[in-house]
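For reference, final_5.tsv is printed below; it contains TSV, C-alpha atoms and all ligand atoms.
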chain	number	residue	atom	x	y	z
B	41	MET	CA	-63.82	-167.82	57.05
B	42	PHE	CA	-61.97	-170.90	55.77
B	43	LYS	CA	-64.26	-172.87	53.44
B	44	VAL	CA	-63.64	-176.40	52.19
B	45	THR	CA	-65.61	-176.19	48.97
B	46	PRO	CA	-65.96	-173.31	46.54
B	47	ASP	CA	-69.34	-171.87	45.62
B	48	HIS	CA	-68.72	-172.70	41.96
B	49	ARG	CA	-66.98	-175.90	40.96
B	50	GLU	CA	-67.23	-175.45	37.18
B	51	ALA	CA	-63.83	-173.82	36.93
B	52	SER	CA	-62.03	-176.90	38.17
B	53	ASN	CA	-61.94	-178.64	34.79
B	54	LYS	CA	-59.61	-175.87	33.63
B	55	PHE	CA	-57.12	-176.63	36.39
B	56	ILE	CA	-54.08	-178.63	35.33
B	57	LYS	CA	-54.68	-181.00	38.22
B	58	HIS	CA	-58.09	-182.01	36.80
B	59	ASP	CA	-57.30	-181.64	33.12
B	60	SER	CA	-58.58	-184.70	31.31
B	61	ASN	CA	-55.84	-184.79	28.65
B	62	MET	CA	-53.16	-184.36	31.23
B	63	LEU	CA	-54.55	-187.15	33.40
B	64	LYS	CA	-54.81	-189.47	30.40
B	65	GLN	CA	-51.25	-188.66	29.43
B	66	ILE	CA	-49.88	-189.40	32.91
B	67	TYR	CA	-52.21	-192.12	34.19
B	68	GLY	CA	-53.73	-193.51	30.98
B	69	THR	CA	-57.22	-192.52	32.20
B	70	ASP	CA	-59.05	-189.48	33.53
B	71	ASP	CA	-61.22	-191.64	35.78
B	72	VAL	CA	-59.11	-190.83	38.84
B	73	THR	CA	-59.22	-188.46	41.80
B	74	PRO	CA	-56.28	-186.10	41.39
B	75	TYR	CA	-53.80	-185.78	44.24
B	76	TRP	CA	-50.73	-185.15	42.12
B	77	ILE	CA	-49.94	-181.47	41.59
B	78	ALA	CA	-49.09	-179.45	44.73
B	79	ASP	CA	-51.86	-176.88	44.83
B	80	MET	CA	-54.95	-176.56	47.00
B	81	GLU	CA	-58.55	-176.60	45.87
B	82	PHE	CA	-60.00	-174.59	48.73
B	83	PRO	CA	-61.46	-171.13	48.09
B	84	ILE	CA	-58.87	-168.49	48.95
B	85	ALA	CA	-59.10	-166.04	51.87
B	86	SER	CA	-61.90	-163.52	51.37
B	87	PRO	CA	-59.72	-160.36	51.87
B	88	ILE	CA	-57.78	-161.45	48.78
B	89	THR	CA	-60.95	-161.96	46.76
B	90	GLN	CA	-62.13	-158.54	47.90
B	91	VAL	CA	-59.05	-156.65	46.71
B	92	MET	CA	-59.16	-158.51	43.40
B	93	GLN	CA	-62.81	-157.56	42.95
B	94	GLU	CA	-61.99	-153.94	43.73
B	95	LEU	CA	-59.33	-153.99	41.03
B	96	VAL	CA	-61.72	-155.46	38.48
B	97	SER	CA	-64.36	-152.85	39.34
B	98	ARG	CA	-61.83	-150.08	38.87
B	99	GLU	CA	-61.65	-150.81	35.12
B	100	THR	CA	-58.27	-149.12	34.77
B	101	TYR	CA	-54.84	-150.67	34.73
B	102	SER	CA	-52.36	-147.87	34.42
B	103	TYR	CA	-48.77	-148.71	35.25
B	104	GLU	CA	-48.69	-149.36	38.97
B	105	PHE	CA	-45.76	-150.87	40.86
B	106	ASP	CA	-45.73	-151.34	44.60
B	107	SER	CA	-43.10	-153.90	45.45
B	108	GLN	CA	-41.89	-152.09	48.58
B	109	THR	CA	-45.27	-152.57	50.29
B	110	VAL	CA	-45.10	-156.28	49.41
B	111	PHE	CA	-41.61	-156.57	50.89
B	112	ASN	CA	-42.79	-154.86	54.09
B	113	ALA	CA	-45.78	-157.22	54.30
B	114	ILE	CA	-43.58	-160.30	53.80
B	115	SER	CA	-41.09	-159.08	56.40
B	116	ASN	CA	-43.82	-158.40	58.98
B	117	TRP	CA	-45.38	-161.82	58.35
B	118	ASN	CA	-42.08	-163.62	58.82
B	119	GLN	CA	-41.31	-161.67	61.98
B	120	LYS	CA	-44.66	-162.56	63.45
B	121	ARG	CA	-44.85	-166.21	62.39
B	122	HIS	CA	-41.24	-167.34	62.50
B	123	GLY	CA	-39.45	-164.69	64.59
B	124	LEU	CA	-37.38	-164.10	61.45
B	125	THR	CA	-36.08	-160.59	60.86
B	126	LEU	CA	-35.85	-159.75	57.16
B	127	ASP	CA	-34.80	-156.30	55.97
B	128	PRO	CA	-37.43	-155.14	53.44
B	129	LYS	CA	-34.67	-153.44	51.44
B	130	GLN	CA	-32.92	-156.73	50.71
B	131	PHE	CA	-35.66	-158.29	48.54
B	132	VAL	CA	-35.81	-158.63	44.77
B	133	GLN	CA	-39.09	-159.48	43.06
B	134	VAL	CA	-39.31	-161.92	40.15
B	135	PRO	CA	-42.24	-163.59	38.36
B	136	GLY	CA	-42.15	-166.88	40.31
B	137	VAL	CA	-40.15	-169.26	42.46
B	138	LEU	CA	-39.02	-171.37	39.54
B	139	SER	CA	-38.01	-168.36	37.48
B	140	ALA	CA	-36.07	-167.16	40.55
B	141	ILE	CA	-34.17	-170.45	40.70
B	142	ALA	CA	-33.53	-170.46	36.94
B	143	LEU	CA	-32.20	-166.92	37.11
B	144	LEU	CA	-29.95	-167.61	40.11
B	145	ILE	CA	-28.48	-170.71	38.46
B	146	ARG	CA	-27.56	-168.65	35.40
B	147	GLU	CA	-26.28	-165.73	37.44
B	148	PHE	CA	-24.07	-167.59	39.90
B	149	THR	CA	-22.85	-170.70	38.07
B	150	GLU	CA	-21.28	-171.42	34.70
B	151	LYS	CA	-22.19	-174.03	32.09
B	152	GLY	CA	-20.88	-177.42	33.23
B	153	ASP	CA	-20.77	-176.48	36.93
B	154	GLY	CA	-22.44	-178.72	39.47
B	155	VAL	CA	-25.59	-177.69	41.33
B	156	LEU	CA	-26.36	-179.93	44.29
B	157	ILE	CA	-29.88	-181.16	45.05
B	158	GLN	CA	-31.06	-183.50	47.81
B	159	THR	CA	-33.07	-186.24	46.17
B	160	PRO	CA	-35.84	-187.23	46.18
B	161	VAL	CA	-36.75	-183.60	45.59
B	162	TYR	CA	-39.21	-181.42	43.67
B	163	HIS	CA	-38.68	-182.54	40.09
B	164	GLN	CA	-38.42	-179.08	38.52
B	165	PHE	CA	-35.08	-178.48	40.26
B	166	ARG	CA	-33.31	-180.99	38.03
B	167	ARG	CA	-35.06	-179.67	34.93
B	168	LEU	CA	-33.99	-176.08	35.67
B	169	ILE	CA	-30.39	-177.11	36.35
B	170	GLU	CA	-30.03	-179.30	33.28
B	171	SER	CA	-31.84	-176.97	30.90
B	172	ALA	CA	-29.31	-174.30	31.90
B	173	GLY	CA	-26.49	-176.64	30.87
B	174	ARG	CA	-25.38	-177.28	34.47
B	175	LYS	CA	-24.89	-180.66	36.13
B	176	ALA	CA	-27.39	-181.82	38.77
B	177	VAL	CA	-25.36	-183.46	41.55
B	178	SER	CA	-27.62	-185.70	43.58
B	179	ASN	CA	-26.97	-185.78	47.32
B	180	THR	CA	-29.43	-188.57	48.15
B	181	LEU	CA	-31.26	-188.25	51.46
B	182	ASN	CA	-31.01	-191.19	53.86
B	183	ILE	CA	-33.80	-192.73	55.88
B	184	ALA	CA	-33.05	-193.11	59.60
B	185	ASP	CA	-35.65	-194.12	62.19
B	186	GLY	CA	-38.44	-193.65	59.69
B	187	ARG	CA	-37.55	-190.19	58.57
B	188	TYR	CA	-35.37	-188.59	55.95
B	189	VAL	CA	-32.03	-187.08	56.97
B	190	MET	CA	-29.21	-185.40	55.10
B	191	ASP	CA	-26.07	-187.34	54.20
B	192	PHE	CA	-23.42	-184.85	55.32
B	193	ASP	CA	-20.43	-187.11	54.53
B	194	ALA	CA	-21.52	-187.50	50.93
B	195	LEU	CA	-22.31	-183.77	50.78
B	196	GLU	CA	-18.81	-182.87	51.87
B	197	SER	CA	-17.14	-185.10	49.29
B	198	GLN	CA	-19.52	-183.97	46.56
B	199	LEU	CA	-18.70	-180.33	47.21
B	200	ARG	CA	-15.02	-181.19	47.10
B	201	ASP	CA	-15.03	-183.44	44.03
B	202	ASN	CA	-17.92	-182.41	41.78
B	203	ASN	CA	-17.26	-178.74	41.01
B	204	VAL	CA	-20.44	-177.82	42.88
B	205	LYS	CA	-21.02	-174.06	42.80
B	206	MET	CA	-24.47	-173.98	44.34
B	207	ILE	CA	-26.53	-175.99	46.82
B	208	LEU	CA	-30.23	-175.85	46.00
B	209	LEU	CA	-31.94	-176.54	49.30
B	210	CYS	CA	-35.64	-177.32	49.67
B	211	ASN	CA	-36.95	-176.29	53.11
B	212	PRO	CA	-39.54	-177.49	54.02
B	213	HIS	CA	-38.72	-180.39	51.76
B	214	ASN	CA	-41.04	-181.42	48.95
B	215	PRO	CA	-41.84	-184.37	48.69
B	216	VAL	CA	-40.57	-185.93	51.94
B	217	GLY	CA	-42.12	-183.32	54.25
B	218	ARG	CA	-39.11	-182.59	56.44
B	219	VAL	CA	-38.84	-179.16	58.06
B	220	TRP	CA	-35.10	-178.99	58.52
B	221	LYS	CA	-33.99	-178.43	62.12
B	222	PRO	CA	-31.49	-175.69	63.10
B	223	ASP	CA	-28.74	-178.24	63.86
B	224	GLU	CA	-29.16	-179.92	60.46
B	225	LEU	CA	-29.04	-176.58	58.68
B	226	GLN	CA	-26.07	-175.50	60.80
B	227	LYS	CA	-24.11	-178.55	59.62
B	228	LEU	CA	-25.04	-177.85	56.02
B	229	VAL	CA	-23.98	-174.22	56.38
B	230	ALA	CA	-20.66	-175.21	57.99
B	231	ILE	CA	-19.82	-177.53	55.08
B	232	ALA	CA	-20.91	-174.94	52.50
B	233	GLU	CA	-18.82	-172.29	54.24
B	234	LYS	CA	-15.76	-174.52	54.31
B	235	HIS	CA	-16.03	-174.94	50.53
B	236	GLN	CA	-17.33	-171.39	49.93
B	237	THR	CA	-20.42	-172.74	48.19
B	238	LEU	CA	-23.48	-170.58	47.65
B	239	ILE	CA	-26.71	-171.88	49.24
B	240	VAL	CA	-29.99	-171.08	47.49
B	241	SER	CA	-32.90	-172.10	49.71
B	242	ASP	CA	-36.36	-172.60	48.21
B	243	GLU	CA	-38.68	-171.84	51.12
B	244	VAL	CA	-41.98	-171.65	49.23
B	245	HIS	CA	-43.53	-174.13	51.70
B	246	ALA	CA	-42.21	-172.24	54.78
B	247	ASP	CA	-45.52	-171.45	56.42
B	248	VAL	CA	-47.23	-174.82	56.14
B	249	VAL	CA	-45.64	-176.34	59.24
B	250	PHE	CA	-47.46	-178.65	61.64
B	251	GLU	CA	-47.63	-178.65	65.44
B	252	GLY	CA	-44.39	-179.56	67.15
B	253	ASN	CA	-42.25	-178.28	64.26
B	254	THR	CA	-40.66	-174.90	63.71
B	255	PHE	CA	-39.52	-173.46	60.43
B	256	THR	CA	-35.93	-172.16	60.35
B	257	SER	CA	-34.92	-170.07	57.36
B	258	ILE	CA	-31.45	-170.24	55.87
B	259	ALA	CA	-31.57	-166.43	56.15
B	260	SER	CA	-31.24	-166.75	59.93
B	261	PHE	CA	-27.68	-168.14	59.71
B	262	ASP	CA	-24.55	-166.12	59.95
B	263	TYR	CA	-23.20	-167.08	56.53
B	264	ASP	CA	-23.28	-164.34	53.94
B	265	ASN	CA	-23.26	-166.65	50.93
B	266	THR	CA	-26.97	-167.49	51.06
B	267	ILE	CA	-29.95	-166.54	48.96
B	268	THR	CA	-33.46	-167.30	50.15
B	269	ILE	CA	-36.58	-167.55	48.06
B	270	ILE	CA	-39.20	-166.69	50.60
B	271	GLY	CA	-42.58	-165.05	50.76
B	272	SER	CA	-44.39	-166.52	47.78
B	273	PRO	CA	-48.10	-166.80	48.61
B	274	ALA	CA	-48.51	-169.70	46.15
B	275	LYS	CA	-48.58	-172.62	48.56
B	276	ASN	CA	-49.86	-170.99	51.73
B	277	PHE	CA	-52.61	-168.85	50.21
B	278	GLY	CA	-53.51	-170.89	47.14
B	279	LEU	CA	-52.37	-168.23	44.67
B	280	ASN	CA	-50.51	-170.66	42.42
B	281	SER	CA	-51.42	-169.22	39.06
B	282	ILE	CA	-50.98	-165.59	40.11
B	283	SER	CA	-48.03	-165.74	42.48
B	284	ASN	CA	-44.69	-163.96	42.36
B	285	GLY	CA	-41.28	-165.04	43.60
B	286	TYR	CA	-39.33	-163.06	46.18
B	287	ILE	CA	-35.57	-163.41	46.40
B	288	TYR	CA	-33.87	-162.34	49.60
B	289	SER	CA	-30.24	-161.97	50.53
B	290	ALA	CA	-28.84	-160.12	53.54
B	291	ASN	CA	-25.65	-159.86	51.49
B	292	THR	CA	-26.03	-156.51	49.71
B	293	GLU	CA	-23.46	-157.38	47.07
B	294	LEU	CA	-25.42	-160.51	46.07
B	295	LYS	CA	-28.75	-158.69	46.29
B	296	ASP	CA	-27.53	-155.80	44.11
B	297	GLN	CA	-26.16	-158.19	41.51
B	298	ILE	CA	-29.48	-160.07	41.34
B	299	LYS	CA	-31.44	-156.84	41.26
B	300	ALA	CA	-29.39	-155.47	38.38
B	301	THR	CA	-29.86	-158.63	36.32
B	302	VAL	CA	-33.58	-158.80	37.05
B	303	ALA	CA	-33.97	-155.11	36.13
B	304	SER	CA	-31.96	-155.60	32.94
B	305	MET	CA	-34.61	-158.10	31.82
B	306	SER	CA	-37.49	-155.92	33.10
B	307	LEU	CA	-38.67	-158.78	35.26
B	308	ASP	CA	-38.99	-156.74	38.46
B	309	HIS	CA	-42.37	-155.08	38.04
B	310	GLY	CA	-44.86	-157.72	39.07
B	311	ASN	CA	-48.46	-157.07	38.18
B	312	VAL	CA	-51.07	-155.27	40.17
B	313	PHE	CA	-53.28	-158.32	40.83
B	314	THR	CA	-50.42	-160.36	42.22
B	315	THR	CA	-49.09	-157.42	44.20
B	316	ARG	CA	-52.41	-156.56	45.83
B	317	ALA	CA	-53.27	-160.20	46.43
B	318	THR	CA	-49.96	-160.79	48.17
B	319	ILE	CA	-50.33	-157.72	50.37
B	320	ALA	CA	-53.90	-158.71	51.31
B	321	ALA	CA	-52.76	-162.27	52.07
B	322	TYR	CA	-50.00	-161.26	54.44
B	323	GLU	CA	-51.77	-158.30	56.01
B	324	GLN	CA	-55.31	-159.65	56.35
B	325	GLY	CA	-55.14	-163.38	55.71
B	326	GLU	CA	-53.76	-164.75	58.96
B	327	ALA	CA	-57.05	-165.98	60.46
B	328	TRP	CA	-57.87	-167.84	57.23
B	329	PHE	CA	-54.34	-169.22	57.07
B	330	ASN	CA	-54.46	-170.57	60.62
B	331	ASP	CA	-57.71	-172.38	59.82
B	332	PHE	CA	-56.22	-173.75	56.60
B	333	VAL	CA	-53.18	-175.19	58.40
B	334	GLN	CA	-55.39	-176.63	61.11
B	335	TYR	CA	-57.62	-178.26	58.49
B	336	THR	CA	-54.75	-179.81	56.55
B	337	GLN	CA	-53.12	-180.93	59.80
B	338	ARG	CA	-56.34	-182.83	60.56
B	339	ASN	CA	-56.14	-184.38	57.07
B	340	ARG	CA	-52.56	-185.38	57.71
B	341	ASP	CA	-53.40	-186.89	61.09
B	342	TRP	CA	-56.34	-188.83	59.67
B	343	ILE	CA	-54.20	-190.23	56.83
B	344	LEU	CA	-51.39	-191.22	59.22
B	345	ALA	CA	-53.76	-192.97	61.64
B	346	PHE	CA	-55.73	-194.70	58.87
B	347	MET	CA	-52.70	-195.96	56.98
B	348	ARG	CA	-50.92	-197.15	60.12
B	349	GLU	CA	-53.97	-198.98	61.45
B	350	GLN	CA	-55.62	-200.18	58.26
B	351	LEU	CA	-52.79	-200.53	55.78
B	352	PRO	CA	-49.66	-201.17	57.84
B	353	GLN	CA	-47.94	-202.76	54.83
B	354	VAL	CA	-47.56	-199.24	53.43
B	355	THR	CA	-44.83	-197.09	54.95
B	356	VAL	CA	-45.95	-193.51	55.51
B	357	PHE	CA	-43.52	-190.68	56.22
B	358	GLU	CA	-45.03	-188.17	58.61
B	359	PRO	CA	-44.94	-184.71	57.05
B	360	GLU	CA	-43.58	-182.11	59.48
B	361	GLY	CA	-44.62	-179.49	56.97
B	362	THR	CA	-45.98	-179.10	53.40
B	363	ASN	CA	-49.29	-180.55	52.24
B	364	GLN	CA	-47.55	-183.53	50.69
B	365	ILE	CA	-47.34	-187.02	52.13
B	366	TRP	CA	-44.85	-189.62	50.94
B	367	PHE	CA	-45.72	-193.32	50.74
B	368	ASN	CA	-43.58	-196.41	50.20
B	369	PHE	CA	-45.74	-199.25	48.90
B	370	SER	CA	-42.93	-201.84	48.75
B	371	GLY	CA	-44.55	-203.83	51.59
B	372	LEU	CA	-47.33	-204.78	49.17
B	373	ASN	CA	-44.80	-206.83	47.17
B	374	LEU	CA	-46.18	-205.80	43.81
B	375	ASP	CA	-44.16	-205.07	40.71
B	376	SER	CA	-44.42	-201.51	39.43
B	377	ALA	CA	-47.06	-202.27	36.77
B	378	ALA	CA	-49.24	-204.15	39.26
B	379	LEU	CA	-48.87	-201.36	41.82
B	380	LYS	CA	-49.82	-198.73	39.25
B	381	SER	CA	-52.86	-200.78	38.28
B	382	VAL	CA	-53.97	-201.07	41.93
B	383	LEU	CA	-53.54	-197.34	42.54
B	384	VAL	CA	-54.88	-195.99	39.26
B	385	ASP	CA	-57.28	-198.53	37.75
B	386	ARG	CA	-58.78	-199.95	40.93
B	387	ALA	CA	-58.40	-197.33	43.70
B	388	LYS	CA	-58.74	-194.45	41.16
B	389	LEU	CA	-55.94	-192.53	42.78
B	390	ALA	CA	-53.79	-190.09	40.81
B	391	LEU	CA	-50.72	-189.87	43.06
B	392	THR	CA	-47.40	-188.44	41.89
B	393	PRO	CA	-44.89	-191.18	41.02
B	394	GLY	CA	-41.80	-190.94	43.22
B	395	THR	CA	-39.60	-191.45	40.16
B	396	TRP	CA	-40.47	-187.90	39.11
B	397	PHE	CA	-38.50	-186.69	42.12
B	398	GLY	CA	-35.43	-188.78	41.37
B	399	GLU	CA	-36.47	-191.68	43.61
B	400	PRO	CA	-35.25	-194.82	41.79
B	401	ASP	CA	-37.58	-197.19	43.70
B	402	GLU	CA	-40.90	-197.31	41.85
B	403	ASN	CA	-42.77	-198.14	45.07
B	404	PHE	CA	-42.74	-194.50	46.20
B	405	TYR	CA	-45.62	-192.09	45.55
B	406	ARG	CA	-46.58	-188.62	46.80
B	407	MET	CA	-50.09	-187.52	47.73
B	408	ASN	CA	-51.20	-183.90	48.03
B	409	PHE	CA	-53.61	-183.69	50.95
B	410	ALA	CA	-54.74	-180.07	50.55
B	411	ALA	CA	-58.13	-181.44	49.59
B	412	PRO	CA	-61.49	-182.00	51.33
B	413	LEU	CA	-61.11	-184.62	54.09
B	414	GLU	CA	-64.20	-186.54	53.01
B	415	GLN	CA	-62.75	-186.96	49.52
B	416	ILE	CA	-59.45	-188.21	50.96
B	417	GLN	CA	-61.29	-190.61	53.26
B	418	ASN	CA	-63.29	-192.06	50.38
B	419	SER	CA	-60.14	-192.46	48.28
B	420	LEU	CA	-58.14	-194.26	50.97
B	421	LEU	CA	-61.09	-196.43	52.00
B	422	GLN	CA	-61.29	-197.48	48.37
B	423	LEU	CA	-57.57	-198.30	48.41
B	424	LYS	CA	-58.10	-200.43	51.53
B	425	LYS	CA	-61.02	-202.23	49.84
B	426	VAL	CA	-58.94	-202.95	46.75
B	427	LEU	CA	-56.10	-204.34	48.86
B	428	SER	CA	-58.33	-206.51	51.08
V	1	LIG	C1	-40.40	-176.61	46.31
V	1	LIG	C2	-41.18	-175.89	45.26
V	1	LIG	N1	-40.64	-174.83	44.63
V	1	LIG	C3	-41.31	-174.15	43.68
V	1	LIG	C4	-42.58	-174.52	43.29
V	1	LIG	C5	-43.28	-173.75	42.21
V	1	LIG	O1	-43.25	-172.40	42.45
V	1	LIG	P1	-43.79	-171.33	41.36
V	1	LIG	O2	-45.05	-171.88	40.82
V	1	LIG	O3	-43.97	-170.05	42.12
V	1	LIG	O4	-42.74	-171.16	40.32
V	1	LIG	C6	-43.18	-175.62	43.89
V	1	LIG	C7	-44.50	-176.09	43.47
V	1	LIG	O5	-44.95	-177.16	43.78
V	1	LIG	C8	-42.47	-176.32	44.90
V	1	LIG	O6	-43.00	-177.38	45.54

Please, can you express the file's structure as C-alpha cells?
Ligand SMILES: Cc1ncc(COP(=O)(O)O)c(C=O)c1O
Amino acid sequence: MFKVTPDHREASNKFIKHDSNMLKQIYGTDDVTPYWIADMEFPIASPITQVMQELVSRETYSYEFDSQTVFNAISNWNQKRHGLTLDPKQFVQVPGVLSAIALLIREFTEKGDGVLIQTPVYHQFRRLIESAGRKAVSNTLNIADGRYVMDFDALESQLRDNNVKMILLCNPHNPVGRVWKPDELQKLVAIAEKHQTLIVSDEVHADVVFEGNTFTSIASFDYDNTITIIGSPAKNFGLNSISNGYIYSANTELKDQIKATVASMSLDHGNVFTTRATIAAYEQGEAWFNDFVQYTQRNRDWILAFMREQLPQVTVFEPEGTNQIWFNFSGLNLDSAALKSVLVDRAKLALTPGTWFGEPDENFYRMNFAAPLEQIQNSLLQLKKVLS
C-alpha cells in the first residue's frame, strides 16, 4: 500500500519545498535537490484519498462538524501505539500546530514574559514567541556522548531568574531527533512543578519513532500544569497543507479556558476535508503508516552507515525519531561560505541551515529524509565525490 513515488509528479512544482523562487531566495539557485522543509513527498495512504474523493463526488458542503469523532480516533490511536490514555473530552481543535502554540502563548503568558525553548529547535517557535511580544529564553541543549541532552541546571536557574511563564517543549525534538526518555521528562516536570511553570509540549512528530525508542507524552505525567499538542496527522500521514492542530489537557480548568478562547474566535470548527482525512488516517491508515516508518527507518540507517563509513569527517546525530537528520560539518574545516558552496553549488543539496534553529555554529545543517532512498543515495554519493 505504501508507495514511494506518486502517479503524477506535475504537482510538485507547486510545493514550497520545490518552489523555484523560494529555492533561489534561500540557496541562490534552484538547481538543487530539496531536503529542507519537513514534509514528505510520498503519496498518502489510500483510505485517506478515498474519503477525500467521496467528499468531492458528493458536490455538497453544507455545514458539517465532527470533532468528537476525530478526538475518539486520536485517543484510540494513541492508546494502541503508545499505551497512552487520552480522554476524548479533553481535546480542543484548532487550525494547526503553530496556531495552537501562538494561541497558548497569548492565553497563558503576558507581554514581556519569558517562554523557554531548547535550542537548537524548530525555528517557528522563536518567531511565534517574539511576534507575540514575549521573550524567547534559550535553554541550549548540550551534547554528551554524541547525543543531545537537556541542561537541567541552566533550566532551573532560567526558570528562577528569567520570568519564564511557559516551557515550550519539542518531543520528539526537531531538528536533533531526540525522543525524550521518561527520566529526562520526569526531571523537566519536577523543575517546572517546583517553579509552577506551564509546560506546552509540541508532539507533532510523536508517531515517527524508530526501533529501540519509545515515545512518552508529557500528558502521561502526574503534573496538572501541562498542555499537549498531539494528534496532528501532518507529519505522520503527510497531510501538511490540510492538517489541524489538537490541543489536549487533562486539566479541565485549562482545557475549558482554551476551549472558550478558541470558540470566541470561531476557530474550533475545522473543515470537512481535514476532519474526514484525519479520521481515515487514524482509523484505517495504520498498515500504510507502519510501512512508511519502516521505509524512512531504512533511509535513516543507510544515511548513518554511509556517512560514518564514507564521510567520517562529518558528525551525524542518530535520529531516534522524526524524519530529520542533523549534521555537523565542522570536521571538513571549511569556512561557512566554502561549506555552503560545497553543499549547494557542487553537491546540489538544499539542506536547512542550522542557524535557522538558533544554532550559532554555521557548520550544522538538517536534512529531511522522508524522500525516495535512491534520490538520497545519489545526493550523498555526489557529496562524497565533491569532497574526495
Ligand atoms: C515541531 C513542529 N511543530 C509544528 C510544525 C508545523 O505544524 P503545522 O503545520 O500543523 O502548524 C512543524 C513542522 O515542521 C514542526 O516540526

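Nearest residue to B:Met347 among B:Ile282, B:Leu420, B:Val132, B:Ala378 is B:Leu420, counting all atoms listed in the file.
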
| task | Determine, counting all atoms listed in the file, which protein, DNA and RNA residues have an atom within 10 Å of an atom of stretch 79-90 of chain B; residues of the same chain fewer than 6 positions away are not included. Present the result as a PyMOL selection string. | result | chain B and resi 41-49+52+55-57+96+274-281+313-314+316-329+332+363-364+408-412

| task | Residues within 8 Å of ligand LIG 1 (chain V), counting all atoms listed in the file: report them as a ChimeraX atom specification. | result | /B:77-79,135-140,161-162,164-165,210-215,242-245,272,274-275,280-281,283-285

| Shortest interatomic distance to B:Leu199 - which of B:Lys227, B:Lys388, B:Arg167, B:His235, counting all atoms listed in the file |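 Smallest distance to B:Leu199 is found for B:His235.
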
| query | Excluding same-chain residues fewer than 2 positions from B:Pro352, what lies within 12 Å of it counting all atoms listed in the file, as a list of chain:residue names? | reply | B:Ile343, B:Leu344, B:Ala345, B:Phe346, B:Met347, B:Arg348, B:Glu349, B:Gln350, B:Val354, B:Thr355, B:Val356, B:Phe367, B:Asn368, B:Phe369, B:Ser370, B:Gly371, B:Leu372, B:Lys424, B:Leu427

| message | Could you list, as a PyMOL selection string, every residue within 6 Å of B:Ile365, counting all atoms listed in the file and ignoring same-chain residues fewer than 2 positions away? | response | chain B and resi 359+406-407

| Residue with smallest distance to B:Lys64 - pool B:Asp385, B:Asn118, B:Gln417, B:Arg98, counting all atoms listed in the file | B:Asp385

| Using all atoms listed in the file, which of B:Phe357, B:Tyr263, B:Tyr288, B:Phe131 sits nearest B:Ile231? | B:Tyr263

| query | With all atoms listed in the file as the atoms that count, which of B:Gln130, B:Asn61, B:Ser257, B:Asn202 lies nearest to B:Asp153? | reply |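 With all atoms listed in the file as the atom set, the closest residue is B:Asn202.
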
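Among the candidates B:Pro393, B:Ala176, B:Pro160, B:Glu99, the one nearest to B:Asn203 when counting only C-alpha atoms is B:Ala176.
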
| query | Which value, in Å to one decimal, gives the distance between atom CA of B:Leu421 and atom CA of B:Ala184? | reply | 29.2 Å

| request: Can you pull out every residue within 12 Å of B:Leu294, counting all atoms listed in the file, but drop anything in the same chain fewer than 5 positions away, and send it as a PyMOL selection string? | output: chain B and resi 130-132+144+147-148+238-240+264-268+287-289+299-301

| Å distance separating atom CA of B:Asp71 from atom CA of B:Ser428, one decimal place | 21.5 Å

| query | How many Å separate atom CA of B:Val248 from atom CA of B:Lys129? | reply |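 Computed distance, atom CA of B:Val248 to atom CA of B:Lys129, equals 25.2 Å.
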
Around stretch 173-185 of chain B, with edges along x, y and z and 6 Å added on all six sides, what centre and edge lengths do you get, in Å to one decimal, as JSON?
{"center_x": -30.3, "center_y": -185.4, "center_z": 46.5, "size_x": 22.8, "size_y": 29.5, "size_z": 43.3}

Mind filling out stretch 160-171 of chain B with N, CA and C atoms and sending it as a short mmCIF file (atom, residue, chain, number, x, y, z; two decimals), in the coordinates of the input?
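And here is the file that came out, selection32.cif:
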data_model
loop_
_atom_site.label_atom_id
_atom_site.label_comp_id
_atom_site.auth_asym_id
_atom_site.auth_seq_id
_atom_site.Cartn_x
_atom_site.Cartn_y
_atom_site.Cartn_z
N PRO B 160 -34.83 -187.68 47.13
CA PRO B 160 -35.84 -187.23 46.18
C PRO B 160 -36.27 -185.79 46.47
N VAL B 161 -36.40 -185.02 45.41
CA VAL B 161 -36.75 -183.60 45.59
C VAL B 161 -37.61 -183.13 44.41
N TYR B 162 -38.33 -182.05 44.66
CA TYR B 162 -39.21 -181.42 43.67
C TYR B 162 -38.57 -181.48 42.27
N HIS B 163 -39.28 -182.15 41.36
CA HIS B 163 -38.68 -182.54 40.09
C HIS B 163 -38.21 -181.38 39.21
N GLN B 164 -38.80 -180.19 39.40
CA GLN B 164 -38.42 -179.08 38.52
C GLN B 164 -36.99 -178.60 38.79
N PHE B 165 -36.45 -178.91 39.96
CA PHE B 165 -35.08 -178.48 40.26
C PHE B 165 -34.13 -179.04 39.21
N ARG B 166 -34.22 -180.36 38.99
CA ARG B 166 -33.31 -180.99 38.03
C ARG B 166 -33.51 -180.40 36.63
N ARG B 167 -34.78 -180.20 36.27
CA ARG B 167 -35.06 -179.67 34.93
C ARG B 167 -34.42 -178.29 34.75
N LEU B 168 -34.56 -177.44 35.78
CA LEU B 168 -33.99 -176.08 35.67
C LEU B 168 -32.47 -176.12 35.57
N ILE B 169 -31.86 -177.02 36.34
CA ILE B 169 -30.39 -177.11 36.35
C ILE B 169 -29.90 -177.61 34.98
N GLU B 170 -30.52 -178.69 34.52
CA GLU B 170 -30.03 -179.30 33.28
C GLU B 170 -30.36 -178.45 32.06
N SER B 171 -31.51 -177.79 32.08
CA SER B 171 -31.84 -176.97 30.90
C SER B 171 -30.95 -175.73 30.83
#
